[in-house]
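Structure file model-v9.cif with mmCIF, C-alpha atoms and all ligand atoms:
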```cif
data_protein
loop_
_atom_site.group_PDB
_atom_site.id
_atom_site.type_symbol
_atom_site.label_atom_id
_atom_site.label_comp_id
_atom_site.auth_asym_id
_atom_site.auth_seq_id
_atom_site.Cartn_x
_atom_site.Cartn_y
_atom_site.Cartn_z
ATOM 1 C CA MET Q 1 -46.839 7.827 28.040
ATOM 2 C CA ARG Q 2 -45.737 4.541 29.569
ATOM 3 C CA MET Q 3 -43.216 2.258 27.923
ATOM 4 C CA LYS Q 4 -44.913 1.486 24.610
ATOM 5 C CA GLY Q 5 -43.746 2.580 21.202
ATOM 6 C CA ARG Q 6 -40.489 3.603 19.664
ATOM 7 C CA TRP Q 7 -39.035 7.117 19.449
ATOM 8 C CA ARG Q 8 -36.831 8.375 16.671
ATOM 9 C CA VAL Q 9 -35.164 11.788 16.655
ATOM 10 C CA LEU Q 10 -34.689 13.191 13.140
ATOM 11 C CA PRO Q 11 -33.623 16.503 11.613
ATOM 12 C CA ARG Q 12 -36.567 18.888 11.607
ATOM 13 C CA ASN Q 13 -37.155 18.695 7.875
ATOM 14 C CA ALA Q 14 -36.647 14.954 7.470
ATOM 15 C CA GLU Q 15 -39.345 13.079 5.636
ATOM 16 C CA ILE Q 16 -41.509 11.050 8.003
ATOM 17 C CA PHE Q 17 -42.720 7.716 6.728
ATOM 18 C CA GLY Q 18 -45.690 5.707 7.877
ATOM 19 C CA VAL Q 19 -48.333 6.923 10.286
ATOM 20 C CA PRO Q 20 -46.629 8.203 13.419
ATOM 21 C CA TRP Q 21 -48.568 8.183 16.615
ATOM 22 C CA LEU Q 22 -47.103 11.475 17.825
ATOM 23 C CA VAL Q 23 -44.744 14.054 16.332
ATOM 24 C CA LEU Q 24 -43.005 16.666 18.486
ATOM 25 C CA ARG Q 25 -41.399 19.316 16.311
ATOM 26 C CA GLY Q 26 -38.647 21.507 17.747
ATOM 27 C CA GLU Q 27 -36.483 24.166 16.140
ATOM 28 C CA GLN Q 28 -33.850 21.729 14.891
ATOM 29 C CA HIS Q 29 -35.187 18.249 15.411
ATOM 30 C CA VAL Q 30 -38.372 16.314 15.328
ATOM 31 C CA GLY Q 31 -39.251 13.472 17.685
ATOM 32 C CA VAL Q 32 -41.396 10.808 16.067
ATOM 33 C CA LEU Q 33 -43.187 8.155 18.079
ATOM 34 C CA SER Q 34 -44.658 5.093 16.451
ATOM 35 C CA GLY Q 35 -46.860 2.611 18.272
ATOM 36 C CA GLY Q 36 -47.692 4.713 21.321
ATOM 37 C CA SER Q 37 -50.277 3.627 23.849
ATOM 38 C CA VAL Q 38 -51.678 6.321 26.091
ATOM 39 C CA LEU Q 39 -51.283 10.065 25.827
ATOM 40 C CA GLU Q 40 -52.726 12.457 28.377
ATOM 41 C CA LEU Q 41 -52.815 16.090 27.280
ATOM 42 C CA ASP Q 42 -52.924 18.560 30.112
ATOM 43 C CA ARG Q 43 -52.527 22.307 29.815
ATOM 44 C CA GLY Q 44 -49.906 23.702 32.129
ATOM 45 C CA VAL Q 45 -48.372 20.359 32.986
ATOM 46 C CA ALA Q 46 -44.866 21.749 32.450
ATOM 47 C CA GLY Q 47 -45.375 24.029 35.430
ATOM 48 C CA ARG Q 48 -46.048 21.046 37.638
ATOM 49 C CA VAL Q 49 -43.081 18.897 36.700
ATOM 50 C CA GLY Q 50 -40.397 18.710 39.384
ATOM 51 C CA PRO Q 51 -36.731 19.692 38.961
ATOM 52 C CA ASP Q 52 -35.090 17.966 35.990
ATOM 53 C CA ILE Q 53 -32.828 15.071 36.977
ATOM 54 C CA LEU Q 54 -30.775 15.755 33.827
ATOM 55 C CA ALA Q 55 -30.201 19.452 34.526
ATOM 56 C CA GLN Q 56 -26.593 20.558 34.751
ATOM 57 C CA PRO Q 57 -26.337 20.627 37.693
ATOM 58 C CA PRO Q 58 -29.557 19.091 39.020
ATOM 59 C CA ASP Q 59 -31.266 20.909 41.897
ATOM 60 C CA PHE Q 60 -30.906 18.083 44.414
ATOM 61 C CA ASP Q 61 -31.940 20.365 47.304
ATOM 62 C CA ALA Q 62 -35.298 21.119 45.667
ATOM 63 C CA MET Q 63 -35.860 17.428 44.874
ATOM 64 C CA LEU Q 64 -35.159 16.533 48.479
ATOM 65 C CA ARG Q 65 -37.574 19.237 49.693
ATOM 66 C CA ASN Q 66 -40.255 17.840 47.367
ATOM 67 C CA LEU Q 67 -39.687 14.302 48.620
ATOM 68 C CA ARG Q 68 -39.980 15.510 52.208
ATOM 69 C CA ALA Q 69 -43.137 17.532 51.533
ATOM 70 C CA ILE Q 70 -45.271 14.478 50.724
ATOM 71 C CA GLU Q 71 -46.701 11.731 52.906
ATOM 72 C CA GLN Q 72 -43.661 10.032 54.436
ATOM 73 C CA THR Q 73 -45.333 6.635 54.547
ATOM 74 C CA ARG Q 74 -44.973 6.498 50.772
ATOM 75 C CA GLU Q 75 -42.411 4.006 49.464
ATOM 76 C CA VAL Q 76 -39.261 5.585 48.101
ATOM 77 C CA GLY Q 77 -39.398 3.534 44.882
ATOM 78 C CA ASP Q 78 -42.890 4.838 44.170
ATOM 79 C CA ALA Q 79 -42.045 8.457 45.043
ATOM 80 C CA LEU Q 80 -39.055 8.526 42.670
ATOM 81 C CA LEU Q 81 -41.421 8.006 39.723
ATOM 82 C CA ASP Q 82 -43.667 10.928 40.708
ATOM 83 C CA GLN Q 83 -42.837 13.477 38.018
ATOM 84 C CA ARG Q 84 -44.255 16.319 40.125
ATOM 85 C CA LEU Q 85 -41.453 15.734 42.632
ATOM 86 C CA ILE Q 86 -38.552 14.951 40.285
ATOM 87 C CA GLY Q 87 -38.735 15.302 36.527
ATOM 88 C CA GLY Q 88 -37.356 12.575 34.330
ATOM 89 C CA ILE Q 89 -36.719 9.409 36.333
ATOM 90 C CA GLY Q 90 -38.292 6.402 34.604
ATOM 91 C CA ASN Q 91 -38.714 2.906 35.962
ATOM 92 C CA VAL Q 92 -35.422 1.508 34.630
ATOM 93 C CA TRP Q 93 -33.401 4.280 36.248
ATOM 94 C CA LYS Q 94 -35.386 4.165 39.463
ATOM 95 C CA VAL Q 95 -34.500 0.476 39.777
ATOM 96 C CA GLU Q 96 -30.848 0.899 38.848
ATOM 97 C CA SER Q 97 -30.186 3.959 41.010
ATOM 98 C CA LEU Q 98 -31.794 2.407 44.099
ATOM 99 C CA TRP Q 99 -29.609 -0.666 43.642
ATOM 100 C CA ALA Q 100 -26.494 1.450 43.121
ATOM 101 C CA ALA Q 101 -27.188 3.422 46.314
ATOM 102 C CA GLU Q 102 -28.187 0.240 48.207
ATOM 103 C CA VAL Q 103 -31.638 1.527 49.147
ATOM 104 C CA SER Q 104 -34.675 -0.776 49.058
ATOM 105 C CA PRO Q 105 -37.557 0.517 46.904
ATOM 106 C CA TRP Q 106 -39.954 -0.644 49.634
ATOM 107 C CA ARG Q 107 -38.705 1.536 52.474
ATOM 108 C CA PRO Q 108 -41.090 4.331 53.476
ATOM 109 C CA LEU Q 109 -39.616 7.801 52.949
ATOM 110 C CA ALA Q 110 -39.693 8.352 56.709
ATOM 111 C CA ASP Q 111 -37.155 5.540 57.052
ATOM 112 C CA VAL Q 112 -34.762 6.818 54.369
ATOM 113 C CA GLY Q 113 -32.219 9.433 55.470
ATOM 114 C CA ASP Q 114 -31.472 12.620 53.522
ATOM 115 C CA ASP Q 115 -27.990 11.321 52.712
ATOM 116 C CA GLU Q 116 -29.470 8.141 51.269
ATOM 117 C CA LEU Q 117 -31.999 10.074 49.168
ATOM 118 C CA ARG Q 118 -29.229 12.307 47.864
ATOM 119 C CA ALA Q 119 -27.155 9.240 47.006
ATOM 120 C CA VAL Q 120 -30.056 7.751 45.024
ATOM 121 C CA LEU Q 121 -30.664 11.023 43.144
ATOM 122 C CA HIS Q 122 -26.950 11.354 42.453
ATOM 123 C CA GLU Q 123 -26.843 7.841 41.028
ATOM 124 C CA ALA Q 124 -29.918 8.492 38.880
ATOM 125 C CA HIS Q 125 -28.354 11.640 37.450
ATOM 126 C CA GLY Q 126 -25.011 9.950 36.828
ATOM 127 C CA LEU Q 127 -26.476 6.846 35.188
ATOM 128 C CA MET Q 128 -28.912 8.772 32.998
ATOM 129 C CA LYS Q 129 -26.358 11.396 31.987
ATOM 130 C CA GLY Q 130 -23.891 8.655 31.166
ATOM 131 C CA ARG Q 131 -26.378 6.972 28.890
ATOM 132 C CA LEU Q 132 -27.152 10.273 27.139
ATOM 133 C CA ASP Q 133 -23.429 10.782 26.613
ATOM 134 C CA GLY Q 134 -23.277 7.405 24.897
ATOM 135 C CA ILE Q 135 -21.711 5.400 27.714
ATOM 136 C CA ARG Q 136 -22.953 1.877 27.220
ATOM 137 C CA GLY Q 137 -23.782 -0.198 30.228
ATOM 138 C CA ARG Q 138 -25.813 -3.236 31.114
ATOM 139 C CA ALA Q 139 -28.664 -3.130 33.550
ATOM 140 C CA ARG Q 140 -27.436 -4.485 36.858
ATOM 141 C CA VAL Q 141 -30.820 -5.546 38.253
ATOM 142 C CA TYR Q 142 -33.573 -4.321 35.927
ATOM 143 C CA ARG Q 143 -35.397 -7.307 34.371
ATOM 144 C CA ARG Q 144 -32.933 -9.665 36.063
ATOM 145 C CA LYS Q 145 -35.307 -11.437 38.409
ATOM 146 C CA GLY Q 146 -33.705 -14.599 39.829
ATOM 147 C CA ARG Q 147 -30.271 -13.752 38.409
ATOM 148 C CA PRO Q 148 -27.391 -13.165 40.834
ATOM 149 C CA CYS Q 149 -26.914 -9.670 42.224
ATOM 150 C CA PRO Q 150 -23.701 -8.300 40.628
ATOM 151 C CA ARG Q 151 -22.542 -7.168 44.072
ATOM 152 C CA CYS Q 152 -23.361 -10.040 46.440
ATOM 153 C CA GLY Q 153 -24.632 -12.918 44.297
ATOM 154 C CA LEU Q 154 -28.049 -13.328 45.912
ATOM 155 C CA PRO Q 155 -30.973 -13.746 43.471
ATOM 156 C CA ILE Q 156 -32.615 -10.498 42.373
ATOM 157 C CA ARG Q 157 -36.270 -10.210 43.331
ATOM 158 C CA SER Q 158 -39.116 -8.409 41.587
ATOM 159 C CA TRP Q 159 -42.617 -7.260 42.475
ATOM 160 C CA PRO Q 160 -45.013 -4.623 41.134
ATOM 161 C CA GLN Q 161 -44.928 -1.321 42.978
ATOM 162 C CA GLY Q 162 -47.257 1.657 43.215
ATOM 163 C CA ASP Q 163 -50.692 2.411 41.776
ATOM 164 C CA SER Q 164 -49.496 1.847 38.216
ATOM 165 C CA ALA Q 165 -47.792 -1.423 39.256
ATOM 166 C CA ARG Q 166 -44.423 -0.653 37.718
ATOM 167 C CA MET Q 167 -42.084 -3.588 38.295
ATOM 168 C CA ALA Q 168 -39.490 -3.086 41.019
ATOM 169 C CA TYR Q 169 -36.286 -5.173 41.045
ATOM 170 C CA TRP Q 170 -34.006 -5.298 44.063
ATOM 171 C CA CYS Q 171 -31.443 -7.331 45.936
ATOM 172 C CA PRO Q 172 -32.813 -8.464 49.316
ATOM 173 C CA GLN Q 173 -29.322 -8.399 50.833
ATOM 174 C CA CYS Q 174 -27.817 -5.172 49.444
ATOM 175 C CA GLN Q 175 -31.133 -3.343 49.747
ATOM 176 C CA PRO Q 176 -32.694 -4.536 52.996
ATOM 177 C CA GLY Q 177 -36.194 -3.342 53.806
ATOM 178 C CA PRO Q 178 -39.826 -4.384 54.262
ATOM 179 C CA ARG Q 179 -41.061 -7.549 52.475
HETATM 180 ZN ZN ZN A 1 -26.774 -7.854 46.466
#
```

Would you mind writing the file out in structure tokens?
Ligand SMILES: [Zn+2]
Amino acid sequence: MRMKGRWRVLPRNAEIFGVPWLVLRGEQHVGVLSGGSVLELDRGVAGRVGPDILAQPPDFDAMLRNLRAIEQTREVGDALLDQRLIGGIGNVWKVESLWAAEVSPWRPLADVGDDELRAVLHEAHGLMKGRLDGIRGRARVYRRKGRPCPRCGLPIRSWPQGDSARMAYWCPQCQPGPR
């Protein structure tokens, strides 16, 4: 559904004003999206989503197996966004977790060790869970092109990545790799 629109979560019976773009009604709450962009409906998609990064605990072993089962020339930053491999990592958290684990988004999977992949997944889970729990934090590198890396001070770089050209941000010193 990309990054457009604004979600609100309301009690199930709350009155909904305006013309929402999408309403997801659960047993206790309703999620209301206004201003959405693209919605692809696909029967059975839930069965093809990878292990949930926000599960308690996440199945890191299964995620790692999924990452190793695909073409290993694929860039790690692109693979992390593939919801069939890992469910729930969006572009912001891909960027932030790769920086936290000091892994370049541009390295092919073949070049990234299991320990490094686990570290990235661990960071993604920790950062996303923290945000859900209400821990406030600033993005360290996301949308900070040209600003100093919080760890080493070198300017953050950015470049579109993958078929959908999601913007990657990385520190060329802390996250060495191709390009
Ligand atoms: Zn750095």

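Proximity of Q:Gly90, Q:Val9, Q:Asp82, Q:Leu121 to Q:Asp59, computed with all atoms listed in the file, is greatest for Q:Leu121.
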
Open item on the list: as a ChimeraX atom specification, please: every protein or nucleic acid residue near ligand ZN 1 (chain A) (cut-off 7 Å, counting all atoms listed in the file).
Closed with: /Q:149-154,171-174

TODO: Evaluate the PyMOL selection byres (((chain Q and resi 157) around 10) and not hetatm) here and jot the selected residues down as a PyMOL selection string.
DONE: chain Q and resi 141-149+154-156+158-159+168-172

Open item on the list: Residues proximal to (-30.5, 10.8, 38.3) were defined as those with any atom within 8 Å of that point in the file's coordinates, counting all atoms listed in the file. Which are they, as a ChimeraX atom specification?
Closed with: /Q:53-54,89,93,97,120-129

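Residues matching the PyMOL selection byres (((chain Q and resi 67) around 9) and not hetatm) in this structure come to Ala62, Met63, Leu64, Arg65, Asn66, Arg68, Ala69, Ile70, Glu71, Gln72, Val76, Ala79, Leu80, Leu85, Ile86, Leu109 and Leu117 of chain Q.
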
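Atom CA of Q:Gly177 is found 10.4 Å from atom CA of Q:Glu102.
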
- [ ] Could you list the residues chosen by the PyMOL selection byres (((chain Q and resi 108) around 9) and not hetatm) in this structure as a PyMOL selection string?
- [x] chain Q and resi 72-77+105-107+109-112+178

Open item on the list: Excluding Q:Asp61 and its own-chain neighbours fewer than 6 positions away, which residues fall within 10 Å of it when counting only C-alpha atoms? Please give them as a list in words.
Closed with: Pro51, Leu67, Asp114 and Arg118 of chain Q

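Counting from atom CA of Q:Ser34, the distance to atom CA of Q:Asp78 is 27.8 Å.
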
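Distance annotation: of Q:Leu33, Q:Ala139, Q:Trp7, Q:Val103, the residue with the minimal separation from Q:Asp115 is Q:Val103; atom set is only C-alpha atoms.
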
Complete the atoms of stretch 95-125 of chain Q to N, CA and C atoms and put them out as a PDB file, in the frame of the given file.
```
ATOM      1  N   VAL Q  95     -34.986   1.784  39.325  1.00  0.00           N
ATOM      2  CA  VAL Q  95     -34.500   0.476  39.777  1.00  0.00           C
ATOM      3  C   VAL Q  95     -32.979   0.480  39.899  1.00  0.00           C
ATOM      4  N   GLU Q  96     -32.314   0.961  38.874  1.00  0.00           N
ATOM      5  CA  GLU Q  96     -30.848   0.899  38.848  1.00  0.00           C
ATOM      6  C   GLU Q  96     -30.218   1.841  39.882  1.00  0.00           C
ATOM      7  N   SER Q  97     -30.799   3.020  40.071  1.00  0.00           N
ATOM      8  CA  SER Q  97     -30.186   3.959  41.010  1.00  0.00           C
ATOM      9  C   SER Q  97     -30.418   3.527  42.454  1.00  0.00           C
ATOM     10  N   LEU Q  98     -31.571   2.919  42.743  1.00  0.00           N
ATOM     11  CA  LEU Q  98     -31.794   2.407  44.099  1.00  0.00           C
ATOM     12  C   LEU Q  98     -30.809   1.278  44.409  1.00  0.00           C
ATOM     13  N   TRP Q  99     -30.570   0.418  43.420  1.00  0.00           N
ATOM     14  CA  TRP Q  99     -29.609  -0.666  43.642  1.00  0.00           C
ATOM     15  C   TRP Q  99     -28.208  -0.089  43.858  1.00  0.00           C
ATOM     16  N   ALA Q 100     -27.840   0.871  43.023  1.00  0.00           N
ATOM     17  CA  ALA Q 100     -26.494   1.450  43.121  1.00  0.00           C
ATOM     18  C   ALA Q 100     -26.275   2.098  44.485  1.00  0.00           C
ATOM     19  N   ALA Q 101     -27.317   2.743  45.021  1.00  0.00           N
ATOM     20  CA  ALA Q 101     -27.188   3.422  46.314  1.00  0.00           C
ATOM     21  C   ALA Q 101     -27.534   2.496  47.484  1.00  0.00           C
ATOM     22  N   GLU Q 102     -27.880   1.245  47.173  1.00  0.00           N
ATOM     23  CA  GLU Q 102     -28.187   0.240  48.207  1.00  0.00           C
ATOM     24  C   GLU Q 102     -29.358   0.653  49.090  1.00  0.00           C
ATOM     25  N   VAL Q 103     -30.417   1.144  48.438  1.00  0.00           N
ATOM     26  CA  VAL Q 103     -31.638   1.527  49.147  1.00  0.00           C
ATOM     27  C   VAL Q 103     -32.792   0.678  48.605  1.00  0.00           C
ATOM     28  N   SER Q 104     -33.538   0.042  49.485  1.00  0.00           N
ATOM     29  CA  SER Q 104     -34.675  -0.776  49.058  1.00  0.00           C
ATOM     30  C   SER Q 104     -35.807   0.102  48.546  1.00  0.00           C
ATOM     31  N   PRO Q 105     -36.421  -0.267  47.410  1.00  0.00           N
ATOM     32  CA  PRO Q 105     -37.557   0.517  46.904  1.00  0.00           C
ATOM     33  C   PRO Q 105     -38.753   0.510  47.846  1.00  0.00           C
ATOM     34  N   TRP Q 106     -38.776  -0.450  48.784  1.00  0.00           N
ATOM     35  CA  TRP Q 106     -39.954  -0.644  49.634  1.00  0.00           C
ATOM     36  C   TRP Q 106     -39.895   0.138  50.925  1.00  0.00           C
ATOM     37  N   ARG Q 107     -38.777   0.796  51.216  1.00  0.00           N
ATOM     38  CA  ARG Q 107     -38.705   1.536  52.474  1.00  0.00           C
ATOM     39  C   ARG Q 107     -39.568   2.788  52.398  1.00  0.00           C
ATOM     40  N   PRO Q 108     -40.343   3.070  53.459  1.00  0.00           N
ATOM     41  CA  PRO Q 108     -41.090   4.331  53.476  1.00  0.00           C
ATOM     42  C   PRO Q 108     -40.108   5.507  53.549  1.00  0.00           C
ATOM     43  N   LEU Q 109     -40.499   6.635  52.954  1.00  0.00           N
ATOM     44  CA  LEU Q 109     -39.616   7.801  52.949  1.00  0.00           C
ATOM     45  C   LEU Q 109     -39.148   8.165  54.357  1.00  0.00           C
ATOM     46  N   ALA Q 110     -40.034   7.997  55.330  1.00  0.00           N
ATOM     47  CA  ALA Q 110     -39.693   8.352  56.709  1.00  0.00           C
ATOM     48  C   ALA Q 110     -38.455   7.593  57.198  1.00  0.00           C
ATOM     49  N   ASP Q 111     -38.213   6.433  56.605  1.00  0.00           N
ATOM     50  CA  ASP Q 111     -37.155   5.540  57.052  1.00  0.00           C
ATOM     51  C   ASP Q 111     -35.861   5.749  56.242  1.00  0.00           C
ATOM     52  N   VAL Q 112     -35.919   6.613  55.231  1.00  0.00           N
ATOM     53  CA  VAL Q 112     -34.762   6.818  54.369  1.00  0.00           C
ATOM     54  C   VAL Q 112     -34.148   8.176  54.693  1.00  0.00           C
ATOM     55  N   GLY Q 113     -32.882   8.189  55.074  1.00  0.00           N
ATOM     56  CA  GLY Q 113     -32.219   9.433  55.470  1.00  0.00           C
ATOM     57  C   GLY Q 113     -31.967  10.353  54.282  1.00  0.00           C
ATOM     58  N   ASP Q 114     -31.763  11.642  54.589  1.00  0.00           N
ATOM     59  CA  ASP Q 114     -31.472  12.620  53.522  1.00  0.00           C
ATOM     60  C   ASP Q 114     -30.236  12.207  52.723  1.00  0.00           C
ATOM     61  N   ASP Q 115     -29.222  11.716  53.414  1.00  0.00           N
ATOM     62  CA  ASP Q 115     -27.990  11.321  52.712  1.00  0.00           C
ATOM     63  C   ASP Q 115     -28.264  10.182  51.735  1.00  0.00           C
ATOM     64  N   GLU Q 116     -29.130   9.258  52.155  1.00  0.00           N
ATOM     65  CA  GLU Q 116     -29.470   8.141  51.269  1.00  0.00           C
ATOM     66  C   GLU Q 116     -30.265   8.628  50.056  1.00  0.00           C
ATOM     67  N   LEU Q 117     -31.214   9.538  50.293  1.00  0.00           N
ATOM     68  CA  LEU Q 117     -31.999  10.074  49.168  1.00  0.00           C
ATOM     69  C   LEU Q 117     -31.093  10.813  48.191  1.00  0.00           C
ATOM     70  N   ARG Q 118     -30.166  11.596  48.732  1.00  0.00           N
ATOM     71  CA  ARG Q 118     -29.229  12.307  47.864  1.00  0.00           C
ATOM     72  C   ARG Q 118     -28.374  11.321  47.056  1.00  0.00           C
ATOM     73  N   ALA Q 119     -27.975  10.239  47.711  1.00  0.00           N
ATOM     74  CA  ALA Q 119     -27.155   9.240  47.006  1.00  0.00           C
ATOM     75  C   ALA Q 119     -27.937   8.618  45.854  1.00  0.00           C
ATOM     76  N   VAL Q 120     -29.220   8.332  46.081  1.00  0.00           N
ATOM     77  CA  VAL Q 120     -30.056   7.751  45.024  1.00  0.00           C
ATOM     78  C   VAL Q 120     -30.204   8.742  43.863  1.00  0.00           C
ATOM     79  N   LEU Q 121     -30.483  10.002  44.191  1.00  0.00           N
ATOM     80  CA  LEU Q 121     -30.664  11.023  43.144  1.00  0.00           C
ATOM     81  C   LEU Q 121     -29.363  11.230  42.373  1.00  0.00           C
ATOM     82  N   HIS Q 122     -28.257  11.207  43.083  1.00  0.00           N
ATOM     83  CA  HIS Q 122     -26.950  11.354  42.453  1.00  0.00           C
ATOM     84  C   HIS Q 122     -26.687  10.207  41.485  1.00  0.00           C
ATOM     85  N   GLU Q 123     -27.022   9.008  41.905  1.00  0.00           N
ATOM     86  CA  GLU Q 123     -26.843   7.841  41.028  1.00  0.00           C
ATOM     87  C   GLU Q 123     -27.736   7.954  39.792  1.00  0.00           C
ATOM     88  N   ALA Q 124     -28.984   8.371  40.016  1.00  0.00           N
ATOM     89  CA  ALA Q 124     -29.918   8.492  38.880  1.00  0.00           C
ATOM     90  C   ALA Q 124     -29.373   9.488  37.867  1.00  0.00           C
ATOM     91  N   HIS Q 125     -28.911  10.634  38.361  1.00  0.00           N
ATOM     92  CA  HIS Q 125     -28.354  11.640  37.450  1.00  0.00           C
ATOM     93  C   HIS Q 125     -27.142  11.085  36.702  1.00  0.00           C
TER      94      HIS Q 125
END
```
